[in-house]
Amino acid sequence: MERITQVVRANGLDHRVIEWRGPSSSRTVVLLHGFMDAPGTFADVVPALLDVGFRVLAPHQRGFGEGPRASAGGYYHFPDYAFDLADVVDACAPGENIHLVGHSMGGTVATLFAGAFPERIEKLVLLEGTGPLDNPPGVAPIRMRKWIEDVRGLAKKAQKPLKSREEALQRLAQNHSTVPLESLARRVDDLLEEKPSGELVWRFDPLHRTLSPTPFFVASYNEFAKRIACPVLIVDGGASGYQPPDELERVKCFANVRKTSIAAAGHMMHWTCPAEVAALLVDFFGPA
């Protein structure tokens, strides 16, 4: 399995995109990781896609992994991610209708892009990715103030380095208690960065620890979903995963949709059950 990383100029920034190719790769699958994740953690899902003739792209989304960071005074908003993806797709798969997979936050990005450019999507898969909780309009000023306070406070704090890879693994285990330790161990290196000084830190922009000033409105999300005409597969991770309480209403907004579940997979299903996730993707996409 050949894995390379290419640099793509997208939305005015340099984006690093992992590409996996098999001996007969033709059509393209794009994998979008979630919040505080990185594209390399999809690695166990990829071989099955290569075996049926796909090539696989997985961008480091801005602010995560090796993705570009917001400049001073900038921030991270969902429209930024959709624009980034539009340019990555145009650069890496020009003129091709892609198969798109989004996990968690990546699922929201995938829905926004697919709703804005429905003609570019052959099939869409959302892995626990139907969006965060709805927000009433009244929270907007509250979130704005909290965001400003968070960003101001962040400027006074230095990111604490980790003592070792083992400490990082322990912290991951605390935050993902339902994920087997051996699965976390295979992914920890994708989530860590070693500074020139030798210090280890998490590979994300600390701005992501602040509350976004932009509320998430399901009514707007649903309008994007309604514009998506391609076949859509929505997969949840069972009772230990995350499904918003109004998920059924969101699902109904997709014109051609099927929903299934991987029982006991939890939210990080591509970590806990990569073989099951891969099998669902291969079955849904068919051969390239």
# chains A, B, ... in the order shown; residues from 1 in each chain; ligands from 1
>>> residues_around(residues="Pro47 (chain A)", least_positions_apart="2", cutoff="9 Å", atoms="only C-alpha atoms", output="list in words")
Met1, Trp20, Gly22, Ala43, Asp44, Val45, Leu49, Leu50, Asp51, Val52 and Ala278 of chain A
>>> write_last_selection(atoms="C-alpha atoms", output="PDB file, in the first residue's frame")
ATOM      1  CA  MET A   1       0.000   0.000   0.000  1.00  0.00           C
ATOM      2  CA  TRP A  20      -3.034   6.022  -0.709  1.00  0.00           C
ATOM      3  CA  GLY A  22      -3.164   0.528  -4.910  1.00  0.00           C
ATOM      4  CA  ALA A  43      -5.254   3.909   7.847  1.00  0.00           C
ATOM      5  CA  ASP A  44      -6.942   0.653   8.891  1.00  0.00           C
ATOM      6  CA  VAL A  45      -9.987   1.460   6.734  1.00  0.00           C
ATOM      7  CA  LEU A  49     -10.949   0.507  -0.527  1.00  0.00           C
ATOM      8  CA  LEU A  50      -7.702   0.033  -2.427  1.00  0.00           C
ATOM      9  CA  ASP A  51      -8.545  -3.627  -2.980  1.00  0.00           C
ATOM     10  CA  VAL A  52     -11.670  -2.710  -4.952  1.00  0.00           C
ATOM     11  CA  ALA A 278     -14.473  -0.580   5.584  1.00  0.00           C
TER      12      ALA A 278
END
>>> residues_around(residues="Thr214 (chain A)", least_positions_apart="3", cutoff="9 Å", atoms="only C-alpha atoms", output="compact mmCIF listing (two decimals) with N, CA and C atoms, in the first residue's frame")
# COMPACT_ATOMS: atom_id res chain seq x y z
N HIS A 77 -13.83 28.33 11.04
CA HIS A 77 -15.28 28.31 10.86
C HIS A 77 -15.63 27.24 9.82
N ALA A 140 -26.45 33.33 20.52
CA ALA A 140 -25.41 33.98 19.71
C ALA A 140 -24.59 35.00 20.50
N ARG A 143 -22.39 33.18 23.14
CA ARG A 143 -21.23 32.51 22.55
C ARG A 143 -20.18 33.52 22.10
N MET A 144 -20.61 34.66 21.57
CA MET A 144 -19.66 35.67 21.13
C MET A 144 -18.79 36.13 22.29
N LEU A 211 -14.43 28.18 22.53
CA LEU A 211 -15.80 28.02 22.02
C LEU A 211 -15.98 28.86 20.77
>>> select_by_dssp(residues="region 11-123 of chain A", states="alpha helix (DSSP H)", output="PyMOL selection string")
chain A and resi 46-51+78-92+105-116
>>> write_last_selection(atoms="C-alpha atoms", output="PDB file, in the first residue's frame")
ATOM      1  CA  VAL A  46      -7.988   2.191   3.585  1.00  0.00           C
ATOM      2  CA  PRO A  47      -6.748  -1.265   2.376  1.00  0.00           C
ATOM      3  CA  ALA A  48     -10.262  -2.544   1.656  1.00  0.00           C
ATOM      4  CA  LEU A  49     -10.949   0.507  -0.527  1.00  0.00           C
ATOM      5  CA  LEU A  50      -7.702   0.033  -2.427  1.00  0.00           C
ATOM      6  CA  ASP A  51      -8.545  -3.627  -2.980  1.00  0.00           C
ATOM      7  CA  PHE A  78     -17.214  25.635   8.963  1.00  0.00           C
ATOM      8  CA  PRO A  79     -17.268  27.699   5.728  1.00  0.00           C
ATOM      9  CA  ASP A  80     -13.435  27.713   5.807  1.00  0.00           C
ATOM     10  CA  TYR A  81     -13.378  23.925   5.796  1.00  0.00           C
ATOM     11  CA  ALA A  82     -15.899  23.694   2.963  1.00  0.00           C
ATOM     12  CA  PHE A  83     -13.833  26.123   0.846  1.00  0.00           C
ATOM     13  CA  ASP A  84     -10.649  24.177   1.639  1.00  0.00           C
ATOM     14  CA  LEU A  85     -12.301  20.957   0.504  1.00  0.00           C
ATOM     15  CA  ALA A  86     -13.621  22.533  -2.706  1.00  0.00           C
ATOM     16  CA  ASP A  87     -10.095  23.530  -3.742  1.00  0.00           C
ATOM     17  CA  VAL A  88      -8.558  20.209  -2.656  1.00  0.00           C
ATOM     18  CA  VAL A  89     -11.112  18.284  -4.727  1.00  0.00           C
ATOM     19  CA  ASP A  90     -10.598  20.514  -7.775  1.00  0.00           C
ATOM     20  CA  ALA A  91      -6.817  20.130  -7.515  1.00  0.00           C
ATOM     21  CA  CYS A  92      -6.650  16.389  -6.785  1.00  0.00           C
ATOM     22  CA  MET A 105     -16.995  17.239  12.360  1.00  0.00           C
ATOM     23  CA  GLY A 106     -15.835  15.977   8.977  1.00  0.00           C
ATOM     24  CA  GLY A 107     -19.393  14.813   8.343  1.00  0.00           C
ATOM     25  CA  THR A 108     -20.703  18.333   8.817  1.00  0.00           C
ATOM     26  CA  VAL A 109     -18.047  19.669   6.432  1.00  0.00           C
ATOM     27  CA  ALA A 110     -18.946  16.937   3.925  1.00  0.00           C
ATOM     28  CA  THR A 111     -22.647  17.851   4.078  1.00  0.00           C
ATOM     29  CA  LEU A 112     -21.949  21.557   3.564  1.00  0.00           C
ATOM     30  CA  PHE A 113     -19.713  20.836   0.572  1.00  0.00           C
ATOM     31  CA  ALA A 114     -22.073  18.257  -0.937  1.00  0.00           C
ATOM     32  CA  GLY A 115     -25.036  20.603  -0.538  1.00  0.00           C
ATOM     33  CA  ALA A 116     -23.161  23.477  -2.176  1.00  0.00           C
TER      34      ALA A 116
END
>>> atom_distance(atom1="CA of Glu223 (chain A)", atom2="CA of Asn256 (chain A)")
14.7 Å
>>> select_by_dssp(residues="region 31-244 of chain A", states="strand (DSSP E)", output="JSON, numbers by chain")
{"A": [31, 32, 55, 56, 57, 58, 59, 98, 99, 100, 101, 102, 103, 121, 122, 123, 124, 125, 126, 127, 192, 193, 194, 200, 201, 202, 232, 233, 234, 235, 236]}
>>> residues_around(residues="region 61-67 of chain A", least_positions_apart="6", cutoff="10 Å", atoms="only C-alpha atoms", output="PyMOL selection string")
chain A and resi 13-17+32-40+75-77+80-81+84-85+106+190-193+202-208
>>> write_last_selection(atoms="N, CA and C atoms", output="compact mmCIF listing (two decimals), in the first residue's frame")
# COMPACT_ATOMS: atom_id res chain seq x y z
N LEU A 13 -4.06 28.73 1.25
CA LEU A 13 -3.15 28.11 2.22
C LEU A 13 -2.61 26.80 1.65
N ASP A 14 -1.46 26.39 2.16
CA ASP A 14 -0.87 25.11 1.76
C ASP A 14 -1.43 23.99 2.64
N HIS A 15 -2.09 23.03 2.01
CA HIS A 15 -2.70 21.91 2.72
C HIS A 15 -1.96 20.62 2.40
N ARG A 16 -1.70 19.84 3.40
CA ARG A 16 -1.07 18.54 3.20
C ARG A 16 -2.17 17.48 3.09
N VAL A 17 -2.10 16.69 2.05
CA VAL A 17 -3.13 15.69 1.75
C VAL A 17 -2.46 14.33 1.62
N LEU A 32 -12.68 12.60 5.40
CA LEU A 32 -12.55 13.80 6.22
C LEU A 32 -12.60 13.42 7.70
N HIS A 33 -11.53 13.69 8.41
CA HIS A 33 -11.47 13.34 9.84
C HIS A 33 -12.29 14.31 10.68
N GLY A 34 -12.45 13.96 11.94
CA GLY A 34 -13.24 14.76 12.85
C GLY A 34 -12.42 15.69 13.72
N PHE A 35 -13.09 16.30 14.68
CA PHE A 35 -12.50 17.26 15.62
C PHE A 35 -11.42 16.58 16.44
N MET A 36 -10.27 17.23 16.56
CA MET A 36 -9.12 16.74 17.33
C MET A 36 -8.57 15.42 16.80
N ASP A 37 -8.85 15.11 15.55
CA ASP A 37 -8.36 13.89 14.93
C ASP A 37 -7.38 14.26 13.82
N ALA A 38 -6.93 13.27 13.08
CA ALA A 38 -5.98 13.50 11.99
C ALA A 38 -6.24 12.45 10.92
N PRO A 39 -5.87 12.72 9.66
CA PRO A 39 -6.24 11.80 8.58
C PRO A 39 -5.58 10.44 8.66
N GLY A 40 -4.39 10.36 9.24
CA GLY A 40 -3.70 9.09 9.31
C GLY A 40 -4.41 8.03 10.13
N TYR A 75 -9.49 32.66 12.73
CA TYR A 75 -10.16 31.61 13.50
C TYR A 75 -10.58 30.51 12.54
N TYR A 76 -11.32 29.53 13.05
CA TYR A 76 -11.76 28.37 12.28
C TYR A 76 -13.28 28.32 12.24
N HIS A 77 -13.83 28.33 11.04
CA HIS A 77 -15.28 28.31 10.86
C HIS A 77 -15.63 27.24 9.82
N ASP A 80 -14.85 27.86 6.18
CA ASP A 80 -13.44 27.71 5.81
C ASP A 80 -13.14 26.29 5.35
N TYR A 81 -13.65 25.33 6.10
CA TYR A 81 -13.38 23.93 5.80
C TYR A 81 -14.03 23.50 4.48
N ASP A 84 -11.88 24.98 1.74
CA ASP A 84 -10.65 24.18 1.64
C ASP A 84 -10.91 22.91 0.83
N LEU A 85 -11.98 22.22 1.17
CA LEU A 85 -12.30 20.96 0.50
C LEU A 85 -12.59 21.18 -0.98
N GLY A 106 -16.03 16.17 10.41
CA GLY A 106 -15.84 15.98 8.98
C GLY A 106 -17.13 15.67 8.25
N ASP A 190 -0.07 9.72 15.06
CA ASP A 190 -0.70 10.66 14.14
C ASP A 190 -1.19 11.91 14.85
N LEU A 191 -1.37 11.83 16.15
CA LEU A 191 -1.95 12.93 16.91
C LEU A 191 -0.91 13.74 17.66
N LEU A 192 0.36 13.34 17.56
CA LEU A 192 1.44 14.00 18.29
C LEU A 192 2.38 14.72 17.33
N GLU A 193 3.01 15.78 17.84
CA GLU A 193 4.03 16.51 17.10
C GLU A 193 5.26 16.66 17.99
N TRP A 202 0.34 17.93 21.48
CA TRP A 202 -0.73 17.46 20.62
C TRP A 202 -0.70 18.23 19.31
N ARG A 203 -1.01 17.55 18.21
CA ARG A 203 -0.89 18.12 16.88
C ARG A 203 -2.20 18.82 16.49
N PHE A 204 -2.51 19.92 17.18
CA PHE A 204 -3.65 20.75 16.81
C PHE A 204 -3.42 22.16 17.31
N ASP A 205 -4.11 23.11 16.71
CA ASP A 205 -4.01 24.50 17.13
C ASP A 205 -4.79 24.68 18.43
N PRO A 206 -4.15 25.22 19.49
CA PRO A 206 -4.87 25.42 20.76
C PRO A 206 -6.12 26.28 20.63
N LEU A 207 -6.26 27.05 19.53
CA LEU A 207 -7.50 27.81 19.34
C LEU A 207 -8.73 26.90 19.33
N HIS A 208 -8.52 25.63 18.99
CA HIS A 208 -9.65 24.70 18.97
C HIS A 208 -10.18 24.39 20.38
>>> residues_around(residues="Thr210 (chain A)", least_positions_apart="5", cutoff="10 Å", atoms="only C-alpha atoms", output="list in words")
Lys146, Trp147, Ile148, Glu149, Asp150, Val151, Arg152, Gly153 and Leu154 of chain A
>>> closest_atom_pairs(of="region 91-144 of chain A", to="region 237-243 of chain A", cutoff="9 Å", atoms="only C-alpha atoms", output="tab-separated table")
residue	atom	partner	partner_atom	distance
A:Ser104	CA	A:Tyr242	CA	8.8
A:Leu127	CA	A:Gly237	CA	8.1
A:Glu128	CA	A:Tyr242	CA	6.4
A:Gly129	CA	A:Gln243	CA	8.5
A:Thr130	CA	A:Gln243	CA	7.7
A:Gly131	CA	A:Gln243	CA	8.7
A:Pro132	CA	A:Gln243	CA	8.6
>>> closest_residue(among="A:Ala255, A:Leu57, A:Val8, A:Val188", to="Arg165 (chain A)", atoms="only C-alpha atoms")
A:Val188
>>> closest_residue(among="A:Leu31, A:Glu247, A:Phe42, A:Val7", to="Pro68 (chain A)", atoms="only C-alpha atoms")
A:Val7
>>> atom_distance(atom1="CA of Ile4 (chain A)", atom2="CA of Ala58 (chain A)")
10.7 Å
>>> residues_around(residues="Leu162 (chain A)", least_positions_apart="2", cutoff="8 Å", atoms="only C-alpha atoms", output="ChimeraX atom specification")
/A:160,164-165,167-168,199-201
>>> closest_residue(among="A:Thr272, A:Ser26, A:Gln159, A:Gln170", to="His99 (chain A)", atoms="only C-alpha atoms")
A:Ser26
>>> atom_distance(atom1="CA of Ser197 (chain A)", atom2="CA of Arg171 (chain A)")
21.8 Å
>>> residues_around(residues="Val29 (chain A)", least_positions_apart="3", cutoff="8 Å", atoms="only C-alpha atoms", output="list in words")
Phe54, Arg55, Val56, Leu57, Ile98, His99, Leu100 and Val101 of chain A
